[in-house]
>>> print(open('input-v8.csv').read())   # CSV, C-alpha atoms
chain,number,residue,atom,x,y,z
A,8,MET,CA,24.5,22.7,-11.5
A,9,ASN,CA,24.4,19.3,-9.9
A,10,LEU,CA,21.0,17.8,-10.8
A,11,HIS,CA,21.7,14.5,-9.3
A,12,GLN,CA,19.9,13.3,-6.2
A,13,HIS,CA,21.2,13.8,-2.8
A,14,ASP,CA,24.5,11.9,-2.4
A,15,PRO,CA,25.3,11.2,1.2
A,16,HIS,CA,29.0,11.3,0.3
A,17,GLN,CA,28.9,14.8,-1.0
A,18,HIS,CA,29.3,16.0,2.6
A,19,ASP,CA,32.7,14.5,2.6
A,20,HIS,CA,34.0,17.2,0.3
A,21,GLY,CA,33.7,19.8,3.0
A,22,SER,CA,32.7,22.8,1.0
A,23,GLU,CA,28.9,22.3,1.2
A,24,LEU,CA,29.3,21.0,4.7
A,25,SER,CA,30.9,24.2,6.0
A,26,GLU,CA,28.7,26.4,3.9
A,27,MET,CA,25.6,24.6,5.3
A,28,GLN,CA,26.9,24.6,8.8
A,29,LEU,CA,27.4,28.4,8.7
A,30,ARG,CA,24.1,29.0,7.1
A,31,VAL,CA,22.2,26.9,9.6
A,32,ARG,CA,24.1,28.3,12.5
A,33,ALA,CA,23.3,31.8,11.4
A,34,LEU,CA,19.5,31.1,11.3
A,35,GLU,CA,19.6,29.3,14.6
A,36,THR,CA,21.5,32.2,16.2
A,37,VAL,CA,19.0,34.8,14.9
A,38,LEU,CA,15.9,32.7,15.8
A,39,THR,CA,17.4,32.1,19.3
A,40,GLU,CA,18.0,35.8,19.8
A,41,LYS,CA,14.5,36.7,18.6
A,42,GLY,CA,13.0,34.2,21.0
A,43,TYR,CA,11.6,31.6,18.5
A,44,VAL,CA,13.9,28.7,19.4
A,45,ASP,CA,15.8,27.4,22.4
A,46,PRO,CA,19.0,25.5,21.5
A,47,LYS,CA,18.3,23.1,24.4
A,48,ALA,CA,14.9,22.3,22.9
A,49,LEU,CA,16.5,21.6,19.6
A,50,ASP,CA,19.0,19.2,21.3
A,51,PHE,CA,16.1,17.4,22.9
A,52,ILE,CA,14.3,16.9,19.5
A,53,ILE,CA,17.4,15.7,17.8
A,54,ASP,CA,18.2,13.2,20.5
A,55,ALA,CA,14.6,11.9,20.4
A,56,PHE,CA,14.8,11.2,16.7
A,57,GLU,CA,18.3,9.8,16.9
A,58,THR,CA,17.9,7.5,19.8
A,59,LYS,CA,14.3,7.0,20.8
A,60,ILE,CA,11.9,7.1,17.9
A,61,GLY,CA,12.6,4.6,15.2
A,62,PRO,CA,11.5,1.4,13.4
A,63,HIS,CA,11.8,-0.6,16.6
A,64,ILE,CA,8.5,0.9,17.6
A,65,GLY,CA,6.7,-0.3,14.4
A,66,ALA,CA,8.4,-3.6,14.7
A,67,ARG,CA,6.9,-4.1,18.1
A,68,VAL,CA,3.4,-3.3,16.7
A,69,VAL,CA,3.8,-5.7,13.8
A,70,ALA,CA,5.1,-8.5,16.0
A,71,LYS,CA,2.1,-8.1,18.3
A,72,ALA,CA,-0.2,-8.2,15.3
A,73,TRP,CA,1.5,-11.5,14.2
A,74,ALA,CA,1.2,-13.0,17.6
A,75,ASP,CA,-2.2,-11.8,18.6
A,76,PRO,CA,-5.0,-12.1,15.9
A,77,ASP,CA,-7.4,-10.0,18.0
A,78,PHE,CA,-4.9,-7.2,18.1
A,79,LYS,CA,-4.3,-7.5,14.4
A,80,ARG,CA,-8.0,-7.1,13.7
A,81,ARG,CA,-8.2,-4.0,15.8
A,82,LEU,CA,-5.0,-2.6,14.3
A,83,ILE,CA,-6.4,-3.0,10.7
A,84,ALA,CA,-9.7,-1.5,11.8
A,85,ASP,CA,-8.3,1.5,13.6
A,86,ALA,CA,-4.5,1.6,14.0
A,87,THR,CA,-4.5,4.8,16.1
A,88,ALA,CA,-6.9,3.4,18.7
A,89,ALA,CA,-5.3,-0.1,18.7
A,90,ILE,CA,-1.8,1.4,19.3
A,91,GLY,CA,-3.1,3.8,21.8
A,92,ASP,CA,-4.2,0.8,23.9
A,93,LEU,CA,-0.7,-0.6,24.0
A,94,GLY,CA,0.6,2.0,26.3
A,95,LEU,CA,3.6,2.9,24.2
A,96,ASP,CA,4.9,6.4,24.4
A,97,ALA,CA,4.1,6.7,20.7
A,98,ARG,CA,0.9,8.4,19.6
A,99,ALA,CA,0.1,7.1,16.1
A,100,THR,CA,-2.0,10.0,14.9
A,101,HIS,CA,-4.1,9.3,11.7
A,102,LEU,CA,-2.3,6.0,11.3
A,103,ILE,CA,-3.6,3.3,8.9
A,104,ALA,CA,-2.2,-0.3,9.0
A,105,VAL,CA,-2.4,-2.3,5.8
A,106,GLU,CA,-1.7,-6.0,5.7
A,107,ASN,CA,0.2,-8.0,3.2
A,108,THR,CA,-1.1,-11.4,2.1
A,109,PRO,CA,0.0,-14.0,-0.4
A,110,ARG,CA,-2.3,-12.2,-2.9
A,111,LEU,CA,-1.7,-8.6,-2.0
A,112,HIS,CA,1.5,-6.6,-1.5
A,113,ASN,CA,1.3,-3.0,-0.1
A,114,MET,CA,3.9,-0.3,-0.7
A,115,VAL,CA,3.9,3.3,0.7
A,116,VAL,CA,5.2,6.4,-1.0
A,117,CYS,CA,4.8,10.2,-0.8
A,118,THR,CA,5.2,11.4,-4.4
A,119,LEU,CA,4.8,15.1,-3.4
A,120,CYS,CA,7.2,15.4,-0.4
A,121,SER,CA,8.2,12.9,2.3
A,122,CYS,CA,5.2,12.0,4.4
A,123,TYR,CA,6.1,8.9,6.4
A,124,PRO,CA,4.8,7.3,9.7
A,125,TRP,CA,7.3,9.0,12.0
A,126,ASP,CA,5.5,7.8,15.1
A,127,MET,CA,6.2,4.2,14.1
A,128,LEU,CA,9.4,4.3,12.0
A,129,GLY,CA,11.2,7.5,12.9
A,130,LEU,CA,12.5,9.7,10.1
A,131,PRO,CA,12.6,8.4,6.6
A,132,PRO,CA,15.8,7.2,4.9
A,133,VAL,CA,17.2,9.4,2.1
A,134,TRP,CA,16.0,7.0,-0.7
A,135,TYR,CA,12.3,7.4,0.5
A,136,LYS,CA,12.6,11.1,0.0
A,137,SER,CA,14.5,10.8,-3.3
A,138,ALA,CA,13.3,11.5,-6.8
A,139,PRO,CA,13.9,8.0,-8.1
A,140,TYR,CA,11.6,6.5,-5.4
A,141,ARG,CA,9.0,9.2,-5.6
A,142,SER,CA,8.8,9.2,-9.4
A,143,ARG,CA,8.7,5.4,-9.9
A,144,ALA,CA,6.9,3.9,-7.0
A,145,VAL,CA,3.4,4.8,-8.4
A,146,MET,CA,4.2,3.8,-12.0
A,147,ASP,CA,6.7,0.9,-11.7
A,148,PRO,CA,6.4,-0.6,-8.3
A,149,ARG,CA,7.8,-3.9,-9.4
A,150,GLY,CA,10.8,-2.2,-10.8
A,151,VAL,CA,11.3,-0.4,-7.5
A,152,LEU,CA,11.0,-3.7,-5.7
A,153,ALA,CA,13.7,-5.1,-8.0
A,154,ASP,CA,16.0,-2.3,-6.9
A,155,PHE,CA,15.5,-3.6,-3.4
A,156,GLY,CA,16.2,-7.2,-4.6
A,157,VAL,CA,12.5,-8.2,-4.0
A,158,SER,CA,10.7,-10.2,-6.6
A,159,LEU,CA,7.0,-11.1,-6.1
A,160,PRO,CA,4.9,-13.7,-8.0
A,161,ALA,CA,3.6,-12.2,-11.3
A,162,ASP,CA,-0.1,-12.5,-10.1
A,163,THR,CA,0.4,-10.8,-6.7
A,164,GLU,CA,-1.6,-7.6,-6.7
A,165,ILE,CA,0.5,-4.6,-5.8
A,166,ARG,CA,-1.2,-1.7,-4.1
A,167,VAL,CA,0.7,1.6,-3.8
A,168,TRP,CA,-0.5,4.1,-1.3
A,169,ASP,CA,0.5,7.7,-2.1
A,170,SER,CA,0.5,9.6,1.2
A,171,THR,CA,-1.1,12.8,-0.1
A,172,ALA,CA,-2.8,13.8,3.2
A,173,GLU,CA,-2.0,13.6,6.9
A,174,THR,CA,-3.0,10.0,7.1
A,175,ARG,CA,0.1,7.7,7.5
A,176,TYR,CA,0.5,4.1,6.4
A,177,LEU,CA,2.2,1.2,8.1
A,178,VAL,CA,2.6,-2.0,6.2
A,179,VAL,CA,2.1,-5.2,8.2
A,180,PRO,CA,4.4,-7.6,6.3
A,181,MET,CA,3.6,-11.3,6.0
A,182,ARG,CA,4.8,-13.4,9.0
A,183,PRO,CA,7.6,-15.7,7.9
A,184,ALA,CA,6.9,-19.3,8.0
A,185,SER,CA,8.8,-21.4,10.6
A,186,ALA,CA,8.6,-18.7,13.3
A,187,ASP,CA,5.4,-20.2,14.7
A,188,ASP,CA,6.4,-20.6,18.4
A,189,TRP,CA,8.4,-17.4,18.6
A,190,SER,CA,7.8,-14.8,21.3
A,191,GLU,CA,6.7,-11.3,20.3
A,192,GLU,CA,10.2,-10.0,21.2
A,193,ARG,CA,11.9,-12.5,18.9
A,194,LEU,CA,9.3,-11.9,16.2
A,195,ALA,CA,10.1,-8.2,16.3
A,196,SER,CA,13.7,-8.9,15.3
A,197,LEU,CA,12.4,-10.2,11.9
A,198,VAL,CA,10.5,-7.0,11.1
A,199,THR,CA,12.7,-4.6,9.1
A,200,ARG,CA,12.0,-1.0,8.4
A,201,ASP,CA,11.7,-1.6,4.7
A,202,SER,CA,9.2,-4.4,5.3
A,203,MET,CA,6.9,-1.8,7.0
A,204,ILE,CA,7.3,0.5,4.0
A,205,GLY,CA,6.6,-2.3,1.6
A,206,THR,CA,10.0,-2.2,-0.2
A,207,GLY,CA,11.1,-5.3,1.6
A,208,LEU,CA,9.9,-8.5,3.2
A,209,ALA,CA,10.3,-9.6,6.8
A,210,ARG,CA,13.5,-11.5,7.5
A,211,ALA,CA,13.4,-15.3,7.4
A,212,PRO,CA,14.2,-16.8,10.8
A,213,GLY,CA,17.9,-17.7,10.7
A,214,GLY,CA,18.4,-15.9,7.5
A,215,SER,CA,20.9,-13.1,6.8
A,216,PRO,CA,19.8,-9.7,8.1
B,4,MET,CA,1.2,24.2,-8.4
B,5,ASN,CA,2.6,22.1,-11.2
B,6,GLY,CA,6.1,22.0,-9.7
B,7,VAL,CA,9.0,19.6,-9.9
B,8,HIS,CA,8.1,18.4,-6.4
B,9,ASP,CA,5.2,16.6,-8.0
B,10,MET,CA,7.3,13.6,-9.1
B,11,GLY,CA,4.9,10.7,-9.6
B,12,GLY,CA,5.3,9.1,-13.0
B,13,MET,CA,8.4,11.1,-14.1
B,14,HIS,CA,11.2,9.3,-15.9
B,15,GLY,CA,14.9,9.7,-15.8
B,16,PHE,CA,15.8,9.8,-12.1
B,17,GLY,CA,17.4,6.4,-12.2
B,18,LYS,CA,17.4,3.5,-9.7
B,19,VAL,CA,16.5,3.7,-6.1
B,20,GLU,CA,19.7,3.4,-4.1
B,21,ALA,CA,19.5,2.6,-0.4
B,22,GLU,CA,22.4,3.4,1.8
B,23,PRO,CA,23.3,0.5,4.2
B,24,ASP,CA,23.3,1.4,7.9
B,25,GLU,CA,22.2,5.0,7.1
B,26,PRO,CA,22.4,7.4,10.0
B,27,VAL,CA,19.4,9.5,11.0
B,28,PHE,CA,21.3,12.7,10.0
B,29,HIS,CA,24.3,12.8,7.7
B,30,ALA,CA,25.7,16.0,9.3
B,31,SER,CA,25.0,17.8,12.5
B,32,TRP,CA,23.4,20.8,10.7
B,33,GLU,CA,20.7,18.5,9.3
B,34,GLY,CA,19.6,17.7,12.8
B,35,ARG,CA,19.5,21.4,13.7
B,36,VAL,CA,17.4,22.2,10.6
B,37,PHE,CA,15.0,19.4,11.3
B,38,ALA,CA,14.6,20.5,15.0
B,39,MET,CA,14.2,24.1,14.1
B,40,ASN,CA,11.4,23.2,11.8
B,41,ARG,CA,9.8,21.0,14.4
B,42,ALA,CA,10.1,23.6,17.2
B,43,ILE,CA,8.8,26.5,15.1
B,44,GLY,CA,6.1,24.4,13.6
B,45,TYR,CA,4.9,23.7,17.1
B,46,LEU,CA,4.4,27.4,17.7
B,47,GLY,CA,1.6,27.4,15.1
B,48,LEU,CA,2.8,30.4,13.2
B,49,TRP,CA,2.1,28.6,10.0
B,50,SER,CA,0.6,25.3,9.0
B,51,ILE,CA,2.4,22.2,7.7
B,52,ASP,CA,1.1,22.9,4.2
B,53,VAL,CA,2.5,26.4,4.3
B,54,GLY,CA,5.9,24.8,5.1
B,55,ARG,CA,5.5,22.4,2.2
B,56,PHE,CA,4.6,25.2,-0.2
B,57,SER,CA,7.8,27.1,0.9
B,58,ARG,CA,9.8,24.1,-0.5
B,59,GLU,CA,7.6,23.6,-3.6
B,60,THR,CA,8.2,27.2,-4.6
B,61,LEU,CA,12.0,27.0,-4.5
B,62,PRO,CA,13.3,27.5,-8.1
B,63,PRO,CA,13.2,24.1,-9.9
B,64,PRO,CA,17.0,23.8,-10.4
B,65,VAL,CA,17.4,24.5,-6.7
B,66,TYR,CA,14.8,22.0,-5.6
B,67,LEU,CA,16.3,19.2,-7.8
B,68,GLY,CA,19.9,20.1,-7.0
B,69,SER,CA,19.6,20.4,-3.2
B,70,SER,CA,19.7,17.7,-0.6
B,71,TYR,CA,16.6,17.1,1.5
B,72,TYR,CA,17.5,19.2,4.5
B,73,LYS,CA,19.1,21.9,2.3
B,74,LYS,CA,15.6,22.3,0.9
B,75,TRP,CA,14.2,22.6,4.4
B,76,ILE,CA,16.6,25.3,5.5
B,77,LEU,CA,16.0,27.3,2.3
B,78,GLY,CA,12.2,27.0,2.8
B,79,LEU,CA,12.5,27.9,6.5
B,80,GLU,CA,14.6,31.0,5.7
B,81,ASN,CA,11.9,32.2,3.3
B,82,LEU,CA,9.2,31.6,5.8
B,83,CYS,CA,11.1,33.5,8.5
B,84,VAL,CA,11.2,36.5,6.2
B,85,GLN,CA,7.6,36.1,5.0
B,86,PHE,CA,6.2,35.9,8.6
B,87,GLY,CA,8.5,38.6,10.0
B,88,LEU,CA,10.4,36.4,12.4
B,89,LEU,CA,13.6,38.4,11.9
B,90,GLY,CA,12.0,41.6,13.2
B,91,LYS,CA,11.1,42.3,16.8
B,92,PRO,CA,12.0,39.7,19.4
B,93,VAL,CA,9.1,37.8,21.0
B,94,LYS,CA,8.6,35.9,24.3
B,95,ARG,CA,7.0,32.8,22.9
B,96,VAL,CA,10.1,30.6,22.9
B,97,LEU,CA,9.6,26.9,23.1
B,98,THR,CA,11.8,25.8,26.0
B,99,ALA,CA,13.5,22.5,26.6
B,100,VAL,CA,10.7,21.8,29.1
B,101,ASP,CA,8.1,22.0,26.4
B,102,ALA,CA,10.1,20.2,23.8
B,103,PRO,CA,8.5,16.7,24.4
B,104,LYS,CA,5.2,18.2,23.2
B,105,THR,CA,6.7,18.7,19.7
B,106,LEU,CA,7.1,15.0,19.2
B,107,ALA,CA,3.4,14.2,18.9
B,108,ARG,CA,1.7,15.2,15.7
B,109,GLY,CA,-1.4,17.3,15.9
B,110,SER,CA,-4.8,16.1,14.6
B,111,PHE,CA,-6.1,17.4,11.3
B,112,ASP,CA,-9.6,16.0,11.7
B,113,ARG,CA,-12.3,18.7,12.1
B,114,PRO,CA,-16.0,18.8,12.7
B,115,PRO,CA,-17.7,18.3,9.3
B,116,PRO,CA,-19.7,21.3,8.0
B,117,THR,CA,-21.7,19.1,5.7
B,118,PRO,CA,-22.4,15.3,5.3
B,119,ALA,CA,-20.0,13.4,3.2
B,120,LYS,CA,-20.9,13.3,-0.5
B,121,PHE,CA,-19.4,10.0,-1.3
B,122,GLU,CA,-19.3,6.6,0.4
B,123,PRO,CA,-17.1,3.5,-0.1
B,124,GLY,CA,-17.8,1.8,-3.5
B,125,ASP,CA,-18.7,5.1,-5.2
B,126,ARG,CA,-17.2,5.7,-8.6
B,127,VAL,CA,-15.6,9.1,-8.8
B,128,ARG,CA,-13.5,11.1,-11.2
B,129,THR,CA,-10.7,13.4,-10.1
B,130,ARG,CA,-11.0,16.9,-11.4
B,131,ASN,CA,-8.6,18.3,-13.9
B,132,ILE,CA,-7.3,21.2,-11.8
B,133,ASN,CA,-4.0,23.1,-12.3
B,134,PRO,CA,-4.0,25.7,-9.5
B,135,PRO,CA,-0.9,27.9,-9.2
B,136,GLY,CA,-1.0,27.6,-5.5
B,137,HIS,CA,-0.5,24.6,-3.2
B,138,THR,CA,-2.5,21.4,-3.8
B,139,ARG,CA,-2.2,17.8,-2.8
B,140,LEU,CA,-3.8,16.4,-5.9
B,141,PRO,CA,-0.8,15.0,-7.9
B,142,ARG,CA,-0.7,15.6,-11.6
B,143,TYR,CA,-0.7,11.9,-12.4
B,144,ALA,CA,-4.0,11.4,-10.7
B,145,ARG,CA,-5.9,14.3,-12.3
B,146,GLY,CA,-8.8,13.6,-14.6
B,147,HIS,CA,-9.0,9.9,-13.8
B,148,SER,CA,-11.7,7.7,-12.6
B,149,GLY,CA,-11.4,5.6,-9.5
B,150,VAL,CA,-13.3,4.1,-6.6
B,151,VAL,CA,-13.8,5.5,-3.2
B,152,GLU,CA,-12.4,2.9,-0.8
B,153,CYS,CA,-12.7,4.6,2.5
B,154,VAL,CA,-13.8,7.8,4.2
B,155,ARG,CA,-11.0,9.2,6.4
B,156,GLY,CA,-12.8,12.0,8.2
B,157,CYS,CA,-13.1,15.7,7.6
B,158,HIS,CA,-9.6,17.2,7.3
B,159,VAL,CA,-8.0,20.6,7.0
B,160,PHE,CA,-7.9,21.4,3.3
B,161,PRO,CA,-4.3,22.1,2.1
B,162,ASP,CA,-5.4,24.0,-0.9
B,163,ALA,CA,-7.1,26.6,1.4
B,164,VAL,CA,-4.8,26.7,4.4
B,165,ALA,CA,-1.6,27.1,2.4
B,166,ASN,CA,-3.0,29.9,0.4
B,167,GLY,CA,-4.2,32.0,3.3
B,168,LYS,CA,-7.9,30.9,3.2
B,169,GLY,CA,-8.2,29.3,6.6
B,170,GLU,CA,-8.6,25.6,7.4
B,171,ASP,CA,-11.8,25.1,5.3
B,172,PRO,CA,-12.1,21.4,6.3
B,173,HIS,CA,-13.4,19.0,3.7
B,174,TRP,CA,-14.2,15.2,3.7
B,175,LEU,CA,-11.1,13.1,2.9
B,176,TYR,CA,-11.3,9.8,1.0
B,177,THR,CA,-9.0,7.1,-0.1
B,178,VAL,CA,-9.6,6.8,-3.8
B,179,VAL,CA,-8.1,3.8,-5.6
B,180,PHE,CA,-7.2,3.7,-9.3
B,181,ASP,CA,-6.4,0.8,-11.6
B,182,GLY,CA,-2.8,1.2,-12.8
B,183,ARG,CA,-4.0,1.0,-16.5
B,184,GLU,CA,-6.3,4.0,-15.8
B,185,LEU,CA,-3.4,6.1,-14.8
B,186,TRP,CA,-0.6,4.8,-17.1
B,187,GLY,CA,-2.4,3.3,-20.1
B,188,GLU,CA,-3.2,-0.1,-21.4
B,189,ALA,CA,0.4,-1.3,-21.5
B,190,ALA,CA,0.7,-0.8,-17.7
B,191,ASP,CA,1.1,-3.7,-15.3
B,192,PRO,CA,-2.5,-5.0,-14.7
B,193,THR,CA,-1.6,-6.1,-11.1
B,194,VAL,CA,-1.0,-2.6,-9.9
B,195,LYS,CA,-3.4,-0.4,-8.1
B,196,VAL,CA,-2.6,3.1,-6.8
B,197,SER,CA,-4.5,5.1,-4.2
B,198,ILE,CA,-4.3,8.7,-3.2
B,199,GLU,CA,-6.0,10.6,-0.3
B,200,ALA,CA,-8.4,13.0,-2.0
B,201,TRP,CA,-10.4,15.8,-0.4
B,202,GLU,CA,-13.9,16.1,-1.7
B,203,PRO,CA,-13.3,19.3,-3.8
B,204,TYR,CA,-10.9,17.1,-5.9
B,205,LEU,CA,-13.7,14.7,-6.8
B,206,GLU,CA,-16.8,14.6,-8.9
B,207,ALA,CA,-19.3,11.7,-9.3
B,208,ALA,CA,-18.4,9.4,-12.3
>>> encode(input="input-v8.csv", output="structure tokens")
Amino acid sequence: MNLHQHDPHQHDHGSELSEMQLRVRALETVLTEKGYVDPKALDFIIDAFETKIGPHIGARVVAKAWADPDFKRRLIADATAAIGDLGLDARATHLIAVENTPRLHNMVVCTLCSCYPWDMLGLPPVWYKSAPYRSRAVMDPRGVLADFGVSLPADTEIRVWDSTAETRYLVVPMRPASADDWSEERLASLVTRDSMIGTGLARAPGGSP
Amino acid sequence: MNGVHDMGGMHGFGKVEAEPDEPVFHASWEGRVFAMNRAIGYLGLWSIDVGRFSRETLPPPVYLGSSYYKKWILGLENLCVQFGLLGKPVKRVLTAVDAPKTLARGSFDRPPPTPAKFEPGDRVRTRNINPPGHTRLPRYARGHSGVVECVRGCHVFPDAVANGKGEDPHWLYTVVFDGRELWGEAADPTVKVSIEAWEPYLEAA
């Protein structure tokens, strides 16, 4: 029994891949015949999550919050309403935005499963759903940050949000210094997925990606 | 249930390892599994917490030894049997025309049957419950005192809906705990952890 976490490379071995392909195809075939799914609808959903819904949406929201203090206030007060006003396709249902400051760093986890702000970030990476992250984020967040190469001052308060309900959390990372006169579009390029989960910081202008 | 899915505070799983340039799906079958769950979920045959419970009740070695989407297909297979989807054909198929509707999450907020019992600033203690069915109160946060930080509305109660007892909406709160309250005096004093807790999980402290 392999008790290790999901290893993305295990699919290269072929045996699980073909077994899983057959197994999934069998269920899709039956459910299609019975009338519960339409393969074309599945194609649409896959395409949406592969090509349209992703962290670029959250990055736009964060960049706007950096550039527009009034929007940031409204985002922190009611993220669902503030994002609704932007006219994006995204509907950020039950979304809560939390802001990092020099004194406070926020980090989001779902210890029980994999709850994640899909509307803003798309589907979560494997590590977010993995046992190492889910087990340690609530007990040893500084250790987790170290795994990501992030070290915060010893007196920074760390707040971990365990997503145990249908509310979803978006971290608004700190705006990097020296990007003062940047447009929203350029600012968005500094906003990484991990910085919106709280396991990373925003990119420094001119820094490595 | 006190299952292996309830991982907060466990030791021994090792470092968090991020995969650079990770694809959304690592194999085409993962996308099919995800989309099937999304499409069938939209039909409203079962709630999201029933789906979660189908994965939580996988045998522990299977849960720990399976990749994420493998857990999803195993859970979905069980639900299809449990809800009789492999029996008579139906005409309720979700077509490609309707597929965009599956992208938006539904709302879980419901009209409150009673006024909220707690308000921000109230000291509360989480109950020490160990139900065999589905619950969203993690083990590490049971029997601890914390502070209500925010009232989030009145939401569908997972402990009821996943166990066949209807939506039974209850007030939902963000409750924040000091890290030392959860993990002991030796814990990092700069850490605070919050959960979202439904009112039945809480008592006044």
>>> interface_residues(input="input-v8.csv", of="chain A", to="chain B", cutoff="7 Å", atoms="only C-alpha atoms", output="short mmCIF file (atom, residue, chain, number, x, y, z; two decimals) with C-alpha atoms, in the coordinates of the input")
data_model
loop_
_atom_site.label_atom_id
_atom_site.label_comp_id
_atom_site.auth_asym_id
_atom_site.auth_seq_id
_atom_site.Cartn_x
_atom_site.Cartn_y
_atom_site.Cartn_z
CA MET A 8 24.50 22.70 -11.50
CA ASN A 9 24.40 19.30 -9.90
CA LEU A 10 21.00 17.80 -10.80
CA HIS A 11 21.70 14.50 -9.30
CA GLN A 12 19.90 13.30 -6.20
CA HIS A 13 21.20 13.80 -2.80
CA PRO A 15 25.30 11.20 1.20
CA MET A 27 25.60 24.60 5.30
CA GLN A 28 26.90 24.60 8.80
CA VAL A 31 22.20 26.90 9.60
CA LYS A 41 14.50 36.70 18.60
CA GLY A 42 13.00 34.20 21.00
CA TYR A 43 11.60 31.60 18.50
CA VAL A 44 13.90 28.70 19.40
CA ASP A 45 15.80 27.40 22.40
CA LYS A 47 18.30 23.10 24.40
CA ALA A 48 14.90 22.30 22.90
CA LEU A 49 16.50 21.60 19.60
CA PHE A 51 16.10 17.40 22.90
CA ILE A 52 14.30 16.90 19.50
CA ILE A 53 17.40 15.70 17.80
CA GLU A 57 18.30 9.80 16.90
CA ARG A 98 0.90 8.40 19.60
CA THR A 100 -2.00 10.00 14.90
CA THR A 118 5.20 11.40 -4.40
CA LEU A 119 4.80 15.10 -3.40
CA CYS A 120 7.20 15.40 -0.40
CA LEU A 130 12.50 9.70 10.10
CA TRP A 134 16.00 7.00 -0.70
CA ALA A 138 13.30 11.50 -6.80
CA PRO A 139 13.90 8.00 -8.10
CA TYR A 140 11.60 6.50 -5.40
CA ARG A 141 9.00 9.20 -5.60
CA SER A 142 8.80 9.20 -9.40
CA ARG A 143 8.70 5.40 -9.90
CA VAL A 145 3.40 4.80 -8.40
CA MET A 146 4.20 3.80 -12.00
CA VAL A 151 11.30 -0.40 -7.50
CA ASP A 154 16.00 -2.30 -6.90
CA ASP A 162 -0.10 -12.50 -10.10
CA THR A 163 0.40 -10.80 -6.70
CA GLU A 164 -1.60 -7.60 -6.70
CA ILE A 165 0.50 -4.60 -5.80
CA ARG A 166 -1.20 -1.70 -4.10
CA VAL A 167 0.70 1.60 -3.80
CA TRP A 168 -0.50 4.10 -1.30
CA ASP A 169 0.50 7.70 -2.10
CA SER A 170 0.50 9.60 1.20
CA THR A 171 -1.10 12.80 -0.10
CA ALA A 172 -2.80 13.80 3.20
#
>>> residues_around(input="input-v8.csv", residues="Asp171 in chain B", least_positions_apart="2", cutoff="12 Å", atoms="all atoms listed in the file", output="short mmCIF file (atom, residue, chain, number, x, y, z; two decimals) with C-alpha atoms, in the coordinates of the input")
data_model
loop_
_atom_site.label_atom_id
_atom_site.label_comp_id
_atom_site.auth_asym_id
_atom_site.auth_seq_id
_atom_site.Cartn_x
_atom_site.Cartn_y
_atom_site.Cartn_z
CA PHE B 111 -6.10 17.40 11.30
CA ASP B 112 -9.60 16.00 11.70
CA ARG B 113 -12.30 18.70 12.10
CA PRO B 114 -16.00 18.80 12.70
CA PRO B 115 -17.70 18.30 9.30
CA PRO B 116 -19.70 21.30 8.00
CA THR B 117 -21.70 19.10 5.70
CA CYS B 157 -13.10 15.70 7.60
CA HIS B 158 -9.60 17.20 7.30
CA VAL B 159 -8.00 20.60 7.00
CA PHE B 160 -7.90 21.40 3.30
CA PRO B 161 -4.30 22.10 2.10
CA ASP B 162 -5.40 24.00 -0.90
CA ALA B 163 -7.10 26.60 1.40
CA VAL B 164 -4.80 26.70 4.40
CA ALA B 165 -1.60 27.10 2.40
CA ASN B 166 -3.00 29.90 0.40
CA GLY B 167 -4.20 32.00 3.30
CA LYS B 168 -7.90 30.90 3.20
CA GLY B 169 -8.20 29.30 6.60
CA HIS B 173 -13.40 19.00 3.70
CA TRP B 174 -14.20 15.20 3.70
CA TRP B 201 -10.40 15.80 -0.40
CA GLU B 202 -13.90 16.10 -1.70
CA PRO B 203 -13.30 19.30 -3.80
#
>>> residues_near_point(input="input-v8.csv", point="(-19.2, 4.2, 2.2)", cutoff="12 Å", atoms="all atoms listed in the file", output="number ranges by chain")
B: 118-126, 150-156, 176-178
>>> closest_residue(input="input-v8.csv", among="A:His101, A:Arg149, A:Arg210, A:Arg175", to="Pro124 in chain A", atoms="only C-alpha atoms")
A:Arg175
>>> atom_distance(input="input-v8.csv", atom1="CA of Asn113 in chain A", atom2="CA of Gly205 in chain A")
5.6 Å
>>> atom_distance(input="input-v8.csv", atom1="CA of Ala144 in chain A", atom2="CA of Val116 in chain A")
6.7 Å
>>> closest_residue(input="input-v8.csv", among="B:Leu61, B:Val53, B:Val84, B:Ala189", to="Leu38 in chain A", atoms="all atoms listed in the file")
B:Val84
>>> atom_distance(input="input-v8.csv", atom1="CA of Glu206 in chain B", atom2="CA of Val127 in chain B")
5.6 Å
>>> build_atoms(input="input-v8.csv", residues="range 32-36 of chain A", atoms="N, CA and C atoms", output="tab-separated table (two decimals), keeping the file's coordinate frame")
chain	number	residue	atom	x	y	z
A	32	ARG	N	23.71	27.62	11.25
A	32	ARG	CA	24.10	28.30	12.50
A	32	ARG	C	23.58	29.71	12.56
A	33	ALA	N	23.72	30.39	11.43
A	33	ALA	CA	23.30	31.80	11.40
A	33	ALA	C	21.79	31.90	11.67
A	34	LEU	N	20.99	31.04	11.05
A	34	LEU	CA	19.50	31.10	11.30
A	34	LEU	C	19.20	30.74	12.72
A	35	GLU	N	19.86	29.69	13.23
A	35	GLU	CA	19.60	29.30	14.60
A	35	GLU	C	19.94	30.43	15.58
A	36	THR	N	21.05	31.11	15.33
A	36	THR	CA	21.50	32.20	16.20
A	36	THR	C	20.43	33.33	16.19
